[in-house]
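Source file: query.json. Holds: JSON, C-alpha atoms and all ligand atoms.
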[["chain", "number", "residue", "atom", "x", "y", "z"],
["A", 1, "MET", "CA", 210.53, -129.60, -64.37],
["A", 2, "THR", "CA", 209.45, -127.92, -61.16],
["A", 3, "GLN", "CA", 209.08, -129.91, -57.98],
["A", 4, "ILE", "CA", 205.57, -129.48, -56.55],
["A", 5, "ILE", "CA", 205.25, -130.69, -52.97],
["A", 6, "ALA", "CA", 201.81, -131.11, -51.37],
["A", 7, "ALA", "CA", 201.88, -131.18, -47.56],
["A", 8, "LEU", "CA", 198.98, -133.27, -46.30],
["A", 9, "SER", "CA", 197.60, -135.02, -43.26],
["A", 10, "LEU", "CA", 194.35, -136.54, -42.18],
["A", 11, "LYS", "CA", 194.59, -134.99, -38.75],
["A", 12, "GLY", "CA", 194.40, -131.26, -38.10],
["A", 13, "GLY", "CA", 196.97, -129.15, -36.31],
["A", 14, "VAL", "CA", 199.98, -131.41, -36.89],
["A", 15, "GLY", "CA", 202.05, -128.74, -38.66],
["A", 16, "LYS", "CA", 201.30, -128.80, -42.41],
["A", 17, "THR", "CA", 201.21, -125.00, -42.64],
["A", 18, "SER", "CA", 204.29, -124.64, -40.45],
["A", 19, "VAL", "CA", 206.22, -127.12, -42.59],
["A", 20, "VAL", "CA", 205.18, -125.33, -45.80],
["A", 21, "LEU", "CA", 206.11, -121.90, -44.40],
["A", 22, "GLY", "CA", 209.36, -123.21, -42.91],
["A", 23, "LEU", "CA", 210.40, -124.88, -46.17],
["A", 24, "ALA", "CA", 209.46, -121.77, -48.16],
["A", 25, "GLY", "CA", 211.68, -119.61, -45.95],
["A", 26, "SER", "CA", 214.51, -122.11, -46.08],
["A", 27, "ALA", "CA", 214.31, -122.43, -49.88],
["A", 28, "ALA", "CA", 214.26, -118.64, -50.35],
["A", 29, "GLU", "CA", 217.38, -118.38, -48.19],
["A", 30, "ARG", "CA", 219.04, -120.59, -50.79],
["A", 31, "GLY", "CA", 217.93, -118.30, -53.58],
["A", 32, "LEU", "CA", 215.12, -120.52, -54.87],
["A", 33, "ARG", "CA", 211.97, -118.96, -56.33],
["A", 34, "VAL", "CA", 209.08, -120.39, -54.33],
["A", 35, "LEU", "CA", 205.34, -120.46, -54.95],
["A", 36, "VAL", "CA", 203.14, -121.28, -51.95],
["A", 37, "ILE", "CA", 199.61, -122.38, -52.82],
["A", 38, "ASP", "CA", 197.20, -122.09, -49.91],
["A", 39, "LEU", "CA", 194.56, -124.75, -50.43],
["A", 40, "ASP", "CA", 193.08, -124.52, -46.94],
["A", 41, "PRO", "CA", 189.93, -122.41, -46.37],
["A", 42, "GLN", "CA", 191.38, -121.51, -42.95],
["A", 43, "ALA", "CA", 193.94, -119.45, -44.94],
["A", 44, "ASN", "CA", 196.61, -119.72, -42.23],
["A", 45, "ALA", "CA", 199.51, -119.73, -44.69],
["A", 46, "THR", "CA", 198.01, -116.68, -46.40],
["A", 47, "ALA", "CA", 197.70, -114.80, -43.10],
["A", 48, "SER", "CA", 201.27, -115.57, -42.12],
["A", 49, "LEU", "CA", 202.74, -114.77, -45.55],
["A", 50, "ASP", "CA", 201.07, -111.37, -45.22],
["A", 51, "PRO", "CA", 200.42, -110.37, -48.84],
["A", 52, "THR", "CA", 199.45, -106.74, -49.35],
["A", 53, "ARG", "CA", 196.62, -107.64, -51.72],
["A", 54, "THR", "CA", 194.63, -110.75, -52.60],
["A", 55, "PRO", "CA", 192.56, -109.97, -55.68],
["A", 56, "TYR", "CA", 191.97, -113.64, -56.43],
["A", 57, "THR", "CA", 192.28, -116.77, -54.38],
["A", 58, "THR", "CA", 192.45, -120.52, -54.78],
["A", 59, "SER", "CA", 188.65, -120.45, -54.58],
["A", 60, "ASP", "CA", 188.54, -118.37, -57.81],
["A", 61, "VAL", "CA", 191.18, -120.60, -59.38],
["A", 62, "LEU", "CA", 189.27, -123.82, -58.67],
["A", 63, "PHE", "CA", 185.96, -122.29, -59.68],
["A", 64, "ASP", "CA", 187.43, -121.27, -63.03],
["A", 65, "GLY", "CA", 189.69, -124.25, -63.59],
["A", 66, "ARG", "CA", 190.91, -123.28, -67.06],
["A", 67, "ALA", "CA", 194.45, -124.07, -68.15],
["A", 68, "GLY", "CA", 196.96, -121.55, -66.83],
["A", 69, "VAL", "CA", 194.43, -119.37, -65.04],
["A", 70, "ALA", "CA", 196.23, -119.73, -61.68],
["A", 71, "SER", "CA", 198.80, -117.22, -62.89],
["A", 72, "ASP", "CA", 196.30, -114.40, -62.32],
["A", 73, "ALA", "CA", 196.02, -115.22, -58.62],
["A", 74, "ILE", "CA", 199.76, -115.11, -57.81],
["A", 75, "VAL", "CA", 200.73, -112.24, -55.50],
["A", 76, "PRO", "CA", 203.99, -111.33, -53.76],
["A", 77, "SER", "CA", 204.30, -112.42, -50.14],
["A", 78, "GLY", "CA", 205.19, -109.90, -47.48],
["A", 79, "TRP", "CA", 208.26, -112.01, -46.63],
["A", 80, "ASP", "CA", 210.65, -111.96, -49.51],
["A", 81, "SER", "CA", 210.59, -111.21, -53.21],
["A", 82, "LEU", "CA", 211.50, -114.85, -53.86],
["A", 83, "ILE", "CA", 208.34, -116.13, -52.18],
["A", 84, "GLN", "CA", 205.04, -115.69, -53.99],
["A", 85, "LEU", "CA", 201.63, -116.92, -53.03],
["A", 86, "ILE", "CA", 198.27, -117.99, -54.33],
["A", 87, "PRO", "CA", 196.18, -116.97, -51.32],
["A", 88, "SER", "CA", 193.15, -118.69, -49.86],
["A", 89, "GLU", "CA", 189.89, -117.48, -48.39],
["A", 90, "ARG", "CA", 186.99, -118.93, -46.46],
["A", 91, "ALA", "CA", 184.90, -119.27, -49.65],
["A", 92, "LEU", "CA", 187.25, -122.06, -50.77],
["A", 93, "GLU", "CA", 185.18, -124.30, -48.50],
["A", 94, "HIS", "CA", 182.49, -124.33, -51.21],
["A", 95, "ARG", "CA", 184.97, -125.81, -53.69],
["A", 96, "ALA", "CA", 185.54, -128.80, -51.40],
["A", 97, "THR", "CA", 182.52, -130.57, -52.82],
["A", 98, "PRO", "CA", 183.01, -132.55, -56.02],
["A", 99, "ASP", "CA", 180.92, -131.04, -58.79],
["A", 100, "GLY", "CA", 182.01, -132.99, -61.81],
["A", 101, "VAL", "CA", 184.02, -135.95, -62.98],
["A", 102, "ASP", "CA", 187.18, -133.90, -63.33],
["A", 103, "SER", "CA", 186.70, -131.73, -60.25],
["A", 104, "SER", "CA", 189.85, -133.13, -58.63],
["A", 105, "GLN", "CA", 191.99, -132.01, -61.56],
["A", 106, "ARG", "CA", 191.05, -128.35, -61.59],
["A", 107, "LEU", "CA", 194.14, -127.12, -59.77],
["A", 108, "ARG", "CA", 196.43, -129.18, -61.96],
["A", 109, "ARG", "CA", 194.88, -127.72, -65.09],
["A", 110, "ALA", "CA", 194.87, -124.17, -63.72],
["A", 111, "LEU", "CA", 198.58, -124.47, -62.94],
["A", 112, "SER", "CA", 199.61, -125.65, -66.37],
["A", 113, "GLY", "CA", 202.35, -123.46, -67.76],
["A", 114, "VAL", "CA", 202.51, -121.57, -64.43],
["A", 115, "THR", "CA", 204.74, -123.63, -62.15],
["A", 116, "GLU", "CA", 207.62, -123.54, -64.63],
["A", 117, "ASN", "CA", 208.40, -120.01, -63.42],
["A", 118, "PHE", "CA", 209.36, -121.32, -59.98],
["A", 119, "ASP", "CA", 212.05, -123.61, -58.55],
["A", 120, "LEU", "CA", 209.79, -125.04, -55.88],
["A", 121, "VAL", "CA", 206.01, -125.10, -55.39],
["A", 122, "LEU", "CA", 204.55, -125.92, -51.98],
["A", 123, "ILE", "CA", 200.85, -126.67, -51.50],
["A", 124, "ASP", "CA", 199.34, -126.32, -48.03],
["A", 125, "CYS", "CA", 196.38, -128.71, -47.75],
["A", 126, "PRO", "CA", 193.41, -128.59, -45.37],
["A", 127, "PRO", "CA", 193.14, -131.19, -42.58],
["A", 128, "SER", "CA", 191.25, -133.81, -44.53],
["A", 129, "LEU", "CA", 191.81, -136.13, -47.44],
["A", 130, "GLY", "CA", 188.81, -134.76, -49.33],
["A", 131, "GLU", "CA", 188.37, -132.92, -52.61],
["A", 132, "LEU", "CA", 190.77, -130.05, -51.92],
["A", 133, "THR", "CA", 193.59, -132.38, -50.93],
["A", 134, "ARG", "CA", 192.85, -134.53, -53.98],
["A", 135, "ASN", "CA", 193.26, -131.41, -56.13],
["A", 136, "ALA", "CA", 196.65, -130.86, -54.50],
["A", 137, "LEU", "CA", 197.68, -134.46, -55.14],
["A", 138, "TYR", "CA", 196.67, -134.34, -58.81],
["A", 139, "ALA", "CA", 198.75, -131.18, -59.24],
["A", 140, "ALA", "CA", 201.79, -132.37, -57.25],
["A", 141, "THR", "CA", 204.94, -134.29, -58.07],
["A", 142, "ASP", "CA", 205.52, -135.16, -54.40],
["A", 143, "ALA", "CA", 203.30, -135.86, -51.42],
["A", 144, "LEU", "CA", 204.78, -134.99, -48.04],
["A", 145, "VAL", "CA", 202.83, -136.51, -45.16],
["A", 146, "VAL", "CA", 203.02, -134.47, -41.97],
["A", 147, "THR", "CA", 202.41, -136.06, -38.60],
["A", 148, "GLU", "CA", 203.23, -135.75, -34.93],
["A", 149, "PRO", "CA", 204.90, -138.47, -32.84],
["A", 150, "SER", "CA", 201.63, -139.63, -31.28],
["A", 151, "PHE", "CA", 199.52, -142.74, -30.92],
["A", 152, "PHE", "CA", 197.58, -141.73, -34.07],
["A", 153, "ALA", "CA", 200.65, -141.12, -36.22],
["A", 154, "VAL", "CA", 201.03, -144.50, -37.93],
["A", 155, "ASN", "CA", 197.34, -144.85, -38.69],
["A", 156, "GLY", "CA", 197.04, -141.27, -39.95],
["A", 157, "ALA", "CA", 200.13, -141.60, -42.16],
["A", 158, "GLU", "CA", 198.83, -144.91, -43.55],
["A", 159, "GLN", "CA", 195.58, -143.30, -44.60],
["A", 160, "ALA", "CA", 197.36, -140.32, -46.15],
["A", 161, "LEU", "CA", 199.67, -142.66, -48.10],
["A", 162, "GLU", "CA", 196.64, -144.61, -49.29],
["A", 163, "ALA", "CA", 195.12, -141.40, -50.68],
["A", 164, "VAL", "CA", 198.44, -140.69, -52.45],
["A", 165, "SER", "CA", 198.53, -144.18, -53.89],
["A", 166, "ILE", "CA", 194.98, -143.88, -55.25],
["A", 167, "VAL", "CA", 195.81, -140.64, -57.06],
["A", 168, "SER", "CA", 199.12, -141.94, -58.40],
["A", 169, "THR", "CA", 197.43, -145.00, -59.88],
["A", 170, "HIS", "CA", 194.41, -143.08, -61.17],
["A", 171, "GLY", "CA", 195.53, -140.06, -63.13],
["A", 172, "ASN", "CA", 198.77, -138.63, -61.73],
["A", 173, "SER", "CA", 201.43, -141.23, -62.35],
["A", 174, "GLY", "CA", 204.06, -138.51, -61.73],
["A", 175, "LEU", "CA", 203.08, -138.35, -58.05],
["A", 176, "ARG", "CA", 205.16, -140.09, -55.45],
["A", 177, "PRO", "CA", 205.15, -140.17, -51.67],
["A", 178, "ILE", "CA", 208.37, -138.28, -50.90],
["A", 179, "GLY", "CA", 208.23, -138.99, -47.20],
["A", 180, "ILE", "CA", 206.72, -138.58, -43.78],
["A", 181, "VAL", "CA", 207.85, -135.74, -41.55],
["A", 182, "ALA", "CA", 207.21, -135.89, -37.82],
["A", 183, "ASN", "CA", 206.72, -132.42, -36.39],
["A", 184, "ARG", "CA", 206.98, -131.09, -32.82],
["A", 185, "VAL", "CA", 209.35, -133.85, -31.80],
["A", 186, "ARG", "CA", 210.73, -133.68, -28.27],
["A", 187, "PRO", "CA", 213.57, -136.20, -28.07],
["A", 188, "THR", "CA", 213.68, -135.90, -24.28],
["A", 189, "LEU", "CA", 210.23, -137.51, -24.11],
["A", 190, "PRO", "CA", 210.40, -141.33, -24.10],
["A", 191, "GLU", "CA", 206.88, -141.38, -25.58],
["A", 192, "HIS", "CA", 208.08, -139.39, -28.62],
["A", 193, "ASN", "CA", 211.08, -141.68, -29.12],
["A", 194, "TYR", "CA", 208.78, -144.67, -28.92],
["A", 195, "ARG", "CA", 206.43, -143.18, -31.51],
["A", 196, "MET", "CA", 209.35, -142.26, -33.81],
["A", 197, "ASP", "CA", 210.59, -145.88, -33.63],
["A", 198, "GLU", "CA", 207.06, -147.02, -34.39],
["A", 199, "LEU", "CA", 206.93, -144.76, -37.46],
["A", 200, "ARG", "CA", 210.34, -145.99, -38.67],
["A", 201, "SER", "CA", 209.41, -149.62, -38.29],
["A", 202, "ALA", "CA", 206.14, -149.04, -40.17],
["A", 203, "PHE", "CA", 207.50, -146.83, -42.98],
["A", 204, "GLY", "CA", 211.29, -147.30, -43.00],
["A", 205, "GLU", "CA", 213.18, -144.80, -45.13],
["A", 206, "LEU", "CA", 210.04, -142.82, -45.89],
["A", 207, "VAL", "CA", 210.46, -141.26, -42.43],
["A", 208, "LEU", "CA", 212.43, -138.04, -42.95],
["A", 209, "SER", "CA", 214.27, -135.76, -40.54],
["A", 210, "GLY", "CA", 211.87, -134.68, -37.81],
["A", 211, "LEU", "CA", 211.25, -131.10, -36.75],
["A", 212, "PRO", "CA", 211.68, -130.15, -33.07],
["A", 213, "ASP", "CA", 209.02, -128.50, -30.95],
["A", 214, "ARG", "CA", 210.12, -124.88, -30.65],
["A", 215, "ALA", "CA", 208.10, -121.81, -29.66],
["A", 216, "ALA", "CA", 210.02, -119.80, -32.30],
["A", 217, "ILE", "CA", 207.69, -121.31, -34.92],
["A", 218, "GLN", "CA", 204.65, -119.78, -33.24],
["A", 219, "GLN", "CA", 206.41, -116.51, -32.51],
["A", 220, "ALA", "CA", 207.57, -116.03, -36.10],
["A", 221, "GLN", "CA", 204.15, -116.97, -37.49],
["A", 222, "GLY", "CA", 202.47, -114.47, -35.17],
["A", 223, "ALA", "CA", 204.85, -111.75, -36.33],
["A", 224, "CYS", "CA", 204.29, -112.71, -40.00],
["A", 225, "VAL", "CA", 208.00, -113.22, -40.65],
["A", 226, "PRO", "CA", 209.90, -116.31, -41.73],
["A", 227, "VAL", "CA", 211.26, -118.31, -38.81],
["A", 228, "GLN", "CA", 214.62, -117.97, -40.57],
["A", 229, "ARG", "CA", 214.54, -114.31, -39.56],
["A", 230, "TRP", "CA", 213.74, -115.04, -35.91],
["A", 231, "THR", "CA", 216.68, -114.87, -33.55],
["A", 232, "SER", "CA", 216.66, -117.31, -30.66],
["A", 233, "ASN", "CA", 218.26, -120.64, -29.86],
["A", 234, "GLY", "CA", 214.96, -122.32, -30.65],
["A", 235, "ALA", "CA", 214.80, -120.62, -34.04],
["A", 236, "ALA", "CA", 218.33, -121.78, -34.81],
["A", 237, "ASP", "CA", 217.34, -125.38, -33.95],
["A", 238, "ILE", "CA", 214.23, -125.32, -36.09],
["A", 239, "ASN", "CA", 216.05, -123.66, -39.00],
["A", 240, "ALA", "CA", 218.80, -126.26, -38.96],
["A", 241, "ALA", "CA", 216.12, -128.99, -38.99],
["A", 242, "LEU", "CA", 214.23, -127.29, -41.84],
["A", 243, "GLY", "CA", 217.48, -127.08, -43.82],
["A", 244, "ARG", "CA", 218.05, -130.82, -43.31],
["A", 245, "LEU", "CA", 214.49, -131.55, -44.38],
["A", 246, "LEU", "CA", 214.87, -129.41, -47.51],
["A", 247, "ASP", "CA", 218.09, -131.29, -48.36],
["A", 248, "GLU", "CA", 216.18, -134.55, -48.12],
["A", 249, "LEU", "CA", 213.38, -133.27, -50.34],
["A", 250, "ARG", "CA", 215.71, -131.84, -53.04],
["A", 251, "PRO", "CA", 217.25, -131.98, -55.50],
["A", 252, "MET", "CA", 215.38, -134.54, -57.45],
["A", 253, "THR", "CA", 214.77, -134.97, -61.09],
["A", 254, "ARG", "CA", 211.71, -136.73, -62.17],
["A", 255, "HIS", "CA", 209.29, -136.76, -64.99],
["A", 256, "PHE", "CA", 206.04, -134.93, -64.84],
["A", 257, "GLU", "CA", 203.58, -134.78, -67.66],
["A", 258, "GLY", "CA", 204.66, -131.31, -68.68],
["A", 259, "THR", "CA", 201.95, -129.03, -69.91],
["A", 260, "GLN", "CA", 202.52, -126.64, -72.74],
["A", 261, "ALA", "CA", 202.18, -122.93, -72.19],
["A", 262, "GLN", "CA", 198.94, -121.85, -73.82],
["A", 263, "ALA", "CA", 197.03, -118.66, -74.44],
["A", 264, "ARG", "CA", 195.89, -117.96, -70.94],
["A", 265, "PRO", "CA", 192.29, -117.23, -69.94],
["A", 266, "SER", "CA", 191.82, -114.62, -67.21],
["A", 267, "LEU", "CA", 190.18, -114.95, -63.82],
["A", 268, "ALA", "CA", 188.40, -111.62, -64.25],
["A", 269, "SER", "CA", 185.95, -113.13, -66.73],
["A", 270, "ALA", "CA", 185.18, -116.01, -64.37],
["A", 271, "ARG", "CA", 184.65, -113.60, -61.49],
["A", 272, "LEU", "CA", 182.14, -111.69, -63.60],
["A", 273, "ALA", "CA", 180.35, -114.91, -64.40],
["A", 274, "GLN", "CA", 180.40, -115.99, -60.80],
["A", 275, "GLY", "CA", 178.75, -112.79, -59.66],
["A", 276, "ALA", "CA", 178.95, -111.78, -56.01],
["A", 277, "ARG", "CA", 181.34, -113.90, -54.06],
["A", 278, "SER", "CA", 179.62, -116.49, -51.92],
["B", 301, "LIG", "N1", 207.65, -127.46, -34.60],
["B", 301, "LIG", "C1", 206.78, -126.71, -33.92],
["B", 301, "LIG", "N2", 207.08, -126.23, -32.70],
["B", 301, "LIG", "C2", 206.19, -125.49, -32.00],
["B", 301, "LIG", "N3", 204.97, -125.16, -32.43],
["B", 301, "LIG", "C3", 204.60, -125.62, -33.65],
["B", 301, "LIG", "C4", 205.49, -126.42, -34.46],
["B", 301, "LIG", "N4", 204.84, -126.73, -35.60],
["B", 301, "LIG", "C5", 203.63, -126.15, -35.53],
["B", 301, "LIG", "N5", 203.48, -125.50, -34.37],
["B", 301, "LIG", "C6", 202.28, -124.77, -33.93],
["B", 301, "LIG", "O1", 201.21, -125.71, -33.87],
["B", 301, "LIG", "C7", 200.00, -125.13, -34.33],
["B", 301, "LIG", "C8", 199.48, -125.96, -35.49],
["B", 301, "LIG", "O2", 200.42, -125.89, -36.55],
["B", 301, "LIG", "P1", 199.95, -125.71, -38.05],
["B", 301, "LIG", "O3", 198.94, -124.63, -38.16],
["B", 301, "LIG", "O4", 201.16, -125.61, -38.87],
["B", 301, "LIG", "O5", 199.25, -127.12, -38.28],
["B", 301, "LIG", "P2", 198.34, -127.57, -39.50],
["B", 301, "LIG", "O6", 198.53, -129.02, -39.68],
["B", 301, "LIG", "O7", 198.60, -126.70, -40.66],
["B", 301, "LIG", "O8", 196.90, -127.25, -38.93],
["B", 301, "LIG", "P3", 195.52, -127.38, -39.76],
["B", 301, "LIG", "O9", 195.28, -128.84, -39.91],
["B", 301, "LIG", "O10", 194.50, -126.70, -38.90],
["B", 301, "LIG", "O11", 195.74, -126.70, -41.07],
["B", 301, "LIG", "C9", 200.34, -123.70, -34.73],
["B", 301, "LIG", "O12", 200.02, -122.85, -33.65],
["B", 301, "LIG", "C10", 201.85, -123.73, -34.95],
["B", 301, "LIG", "O13", 202.44, -122.48, -34.70],
["B", 302, "MG", "MG", 197.25, -125.59, -41.80]]

In structure tokens, what does this structure look like?
Ligand SMILES: Nc1ncnc2c1ncn2[C@@H]1O[C@H](COP(=O)(O)OP(=O)(O)OP(=O)(O)O)[C@@H](O)[C@H]1O
Ligand SMILES: [Mg+2]
Amino acid sequence: MTQIIAALSLKGGVGKTSVVLGLAGSAAERGLRVLVIDLDPQANATASLDPTRTPYTTSDVLFDGRAGVASDAIVPSGWDSLIQLIPSERALEHRATPDGVDSSQRLRRALSGVTENFDLVLIDCPPSLGELTRNALYAATDALVVTEPSFFAVNGAEQALEAVSIVSTHGNSGLRPIGIVANRVRPTLPEHNYRMDELRSAFGELVLSGLPDRAAIQQAQGACVPVQRWTSNGAADINAALGRLLDELRPMTRHFEGTQAQARPSLASARLAQGARS
């Protein structure tokens, strides 16, 4: 059963995309087959993973929603043959509004029979706990809360964990909060140490290895390469931290309501029905 990790946060700009990209690069270095699902209309993960073509996106996948249809939207990343991607686009914004009783389960259904082809699936969520993030949580086995060591960290993490708890008690009993990762930590700052202590006293062992604040992350993202391929002292620090984080997140065996491979519908028919893209 494939581990599906959704990276989420209430607050924007805390590092969800960077954590997803960093973990993808780290996992590929270990020979794991990785699928990144970009569920953010900002499409930052898509831009950085630099696919050569994006015939379909998560917007098409959610619009269609039929079992297994996500397979059609998978494209190779520009990074590594082990990393594949379901890209995003701005139009995904329109899918953020609930349009039916099962609208939060569209991604889960569309992924059925698809994730089995990967060792690790990482979902990059938008900065909200709305419909798109709920779709990620219904599809995931693990929820990874991303935060920064700031005054808002405890409150933001609490709200994210509450959203996880609601989904795990209402429909996805295979979902668990795998942990909270603090990003952009600067241990030389007393304020950051204070906030890290605050997080640990609020959430105990749920607080995972933090990631340091290193410009290499921004440099590698700007160059559309994995930070694992960046050469600087900062890159080495961040890569070591990403490796530790990946160790904490894997390996784990758990039960997920496995879905049977089925005759797969195609996205092309849905695109025809949808007409011109909004
Ligand atoms: N550990 C880090 N060290 C230095 N810069 C970082 C680090 N993590 C993220 N950044 C930078 O911070 C900015 C925000 O990060 P990122 O885009 O990953 O956040 P996000 O939570 O995905 O944002 P959004 O909520 O808008 O999707 C980016 O410019 C990124 O390069
Ligand atoms: Mg992001």

Inset, instruction - Name each residue within 10 Å of ligand MG 302 (chain B), counting only C-alpha atoms and all ligand atoms, as a VMD selection string. - result: chain A and resid 7 to 9 12 to 21 38 to 45 124 to 127

Legend entry - Non-local contacts of range 146-158 of chain A (12 Å; all atoms listed in the file; under 5 positions in same chain excluded) as JSON, numbers by chain: {"A": [5, 6, 7, 8, 9, 10, 11, 12, 13, 14, 15, 16, 17, 18, 19, 20, 124, 125, 126, 127, 128, 129, 163, 164, 165, 177, 178, 179, 180, 181, 182, 183, 184, 185, 186, 187, 189, 190, 191, 192, 193, 194, 195, 196, 197, 198, 199, 200, 201, 202, 203, 204, 206, 207, 208, 209, 210, 211, 212, 213]}

Legend entry - Gap from CA of Pro98 in chain A to CA of Gly68 in chain A - Å, one decimal: 20.8 Å

Inset, instruction - Find the residues near Tyr56 in chain A: any atom within 8 Å, counting all atoms listed in the file, skip ones fewer than 3 places away on the same chain, and give them as an MDAnalysis selection string. - result: chainID A and resid 59:61 72:73 86:87 267

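Pairwise distance (CA of Pro76 in chain A, CA of Leu107 in chain A) equals 19.6 Å.
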
Legend entry - Residue among A:Val69, A:Val121, A:Leu62, A:Leu23 lying closest to ligand LIG 301 (chain B), counting only C-alpha atoms and all ligand atoms: A:Leu23

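Among the candidates A:Ala220, A:Leu120, A:Ala215, A:Ala236, the residue lying nearest to ligand LIG 301 (chain B) is A:Ala215 (atoms considered: only C-alpha atoms and all ligand atoms).
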
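Interatomic distance, CA of Leu246 in chain A against CA of Thr58 in chain A: 25.2 Å.
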
Inset, instruction - Skip Asn239 in chain A itself and residues of its chain fewer than 2 positions away, then list as a list in words all residues within 9 Å of it, counting all atoms listed in the file. - result: Gly22, Ser26, Val227, Gln228, Gly234, Ala235, Ala236, Asp237, Ala241, Leu242, Gly243 and Arg244 of chain A

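Each of A:Leu249, A:Ile217, A:Val145, A:Ala70 was compared to ligand LIG 301 (chain B) using only C-alpha atoms and all ligand atoms, and A:Ile217 turns out to be the nearest.
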
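If you measure from each of A:Thr52, A:Thr46, A:Asn135, A:Thr57 to ligand LIG 301 (chain B) using only C-alpha atoms and all ligand atoms, the closest one turns out to be A:Thr46.
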
Inset, instruction - For Gly171 in chain A, work out the shell of residues within 9 Å, counting all atoms listed in the file and skipping chain neighbours fewer than 5 positions away, then give it as an MDAnalysis selection string. - result: chainID A and resid 105 138 166

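Using only C-alpha atoms, the shortest contact distance between Gln218 in chain A and any of A:Ser48, A:Asp247, A:Ser112, A:Ile83 is found at A:Ser48.
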
N, CA, C and O atoms modelled onto range 230-243 of chain A, as a PDB file, in the coordinates of the input:
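And here's out34.pdb as it stands now:
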ATOM      1  N   TRP A 230     213.923-115.141 -37.364  1.00  0.00           N
ATOM      2  CA  TRP A 230     213.740-115.040 -35.910  1.00  0.00           C
ATOM      3  C   TRP A 230     215.068-115.349 -35.233  1.00  0.00           C
ATOM      4  O   TRP A 230     215.792-116.242 -35.679  1.00  0.00           O
ATOM      5  N   THR A 231     215.392-114.602 -34.199  1.00  0.00           N
ATOM      6  CA  THR A 231     216.680-114.870 -33.550  1.00  0.00           C
ATOM      7  C   THR A 231     216.468-115.384 -32.135  1.00  0.00           C
ATOM      8  O   THR A 231     216.068-114.628 -31.257  1.00  0.00           O
ATOM      9  N   SER A 232     216.676-116.675 -31.979  1.00  0.00           N
ATOM     10  CA  SER A 232     216.660-117.310 -30.660  1.00  0.00           C
ATOM     11  C   SER A 232     217.312-118.673 -30.845  1.00  0.00           C
ATOM     12  O   SER A 232     217.473-119.131 -31.977  1.00  0.00           O
ATOM     13  N   ASN A 233     217.663-119.301 -29.742  1.00  0.00           N
ATOM     14  CA  ASN A 233     218.260-120.640 -29.860  1.00  0.00           C
ATOM     15  C   ASN A 233     217.269-121.606 -30.488  1.00  0.00           C
ATOM     16  O   ASN A 233     217.628-122.453 -31.309  1.00  0.00           O
ATOM     17  N   GLY A 234     216.000-121.441 -30.092  1.00  0.00           N
ATOM     18  CA  GLY A 234     214.960-122.320 -30.650  1.00  0.00           C
ATOM     19  C   GLY A 234     214.834-122.131 -32.153  1.00  0.00           C
ATOM     20  O   GLY A 234     214.666-123.102 -32.900  1.00  0.00           O
ATOM     21  N   ALA A 235     214.911-120.880 -32.598  1.00  0.00           N
ATOM     22  CA  ALA A 235     214.800-120.620 -34.040  1.00  0.00           C
ATOM     23  C   ALA A 235     215.979-121.259 -34.774  1.00  0.00           C
ATOM     24  O   ALA A 235     215.809-121.827 -35.860  1.00  0.00           O
ATOM     25  N   ALA A 236     217.162-121.172 -34.163  1.00  0.00           N
ATOM     26  CA  ALA A 236     218.330-121.780 -34.810  1.00  0.00           C
ATOM     27  C   ALA A 236     218.135-123.296 -34.946  1.00  0.00           C
ATOM     28  O   ALA A 236     218.461-123.883 -35.989  1.00  0.00           O
ATOM     29  N   ASP A 237     217.584-123.924 -33.899  1.00  0.00           N
ATOM     30  CA  ASP A 237     217.340-125.380 -33.950  1.00  0.00           C
ATOM     31  C   ASP A 237     216.367-125.731 -35.076  1.00  0.00           C
ATOM     32  O   ASP A 237     216.606-126.643 -35.861  1.00  0.00           O
ATOM     33  N   ILE A 238     215.261-124.982 -35.111  1.00  0.00           N
ATOM     34  CA  ILE A 238     214.230-125.320 -36.090  1.00  0.00           C
ATOM     35  C   ILE A 238     214.742-125.033 -37.508  1.00  0.00           C
ATOM     36  O   ILE A 238     214.473-125.780 -38.451  1.00  0.00           O
ATOM     37  N   ASN A 239     215.528-123.984 -37.665  1.00  0.00           N
ATOM     38  CA  ASN A 239     216.050-123.660 -39.000  1.00  0.00           C
ATOM     39  C   ASN A 239     217.040-124.699 -39.490  1.00  0.00           C
ATOM     40  O   ASN A 239     217.054-125.043 -40.676  1.00  0.00           O
ATOM     41  N   ALA A 240     217.857-125.198 -38.568  1.00  0.00           N
ATOM     42  CA  ALA A 240     218.800-126.260 -38.960  1.00  0.00           C
ATOM     43  C   ALA A 240     218.003-127.490 -39.399  1.00  0.00           C
ATOM     44  O   ALA A 240     218.309-128.129 -40.415  1.00  0.00           O
ATOM     45  N   ALA A 241     216.941-127.803 -38.651  1.00  0.00           N
ATOM     46  CA  ALA A 241     216.120-128.990 -38.990  1.00  0.00           C
ATOM     47  C   ALA A 241     215.398-128.781 -40.323  1.00  0.00           C
ATOM     48  O   ALA A 241     215.290-129.715 -41.131  1.00  0.00           O
ATOM     49  N   LEU A 242     214.911-127.565 -40.563  1.00  0.00           N
ATOM     50  CA  LEU A 242     214.230-127.290 -41.840  1.00  0.00           C
ATOM     51  C   LEU A 242     215.219-127.410 -43.000  1.00  0.00           C
ATOM     52  O   LEU A 242     214.871-127.913 -44.076  1.00  0.00           O
ATOM     53  N   GLY A 243     216.444-126.962 -42.785  1.00  0.00           N
ATOM     54  CA  GLY A 243     217.480-127.080 -43.820  1.00  0.00           C
ATOM     55  C   GLY A 243     217.747-128.547 -44.139  1.00  0.00           C
ATOM     56  O   GLY A 243     217.856-128.942 -45.315  1.00  0.00           O
TER      57      GLY A 243
END
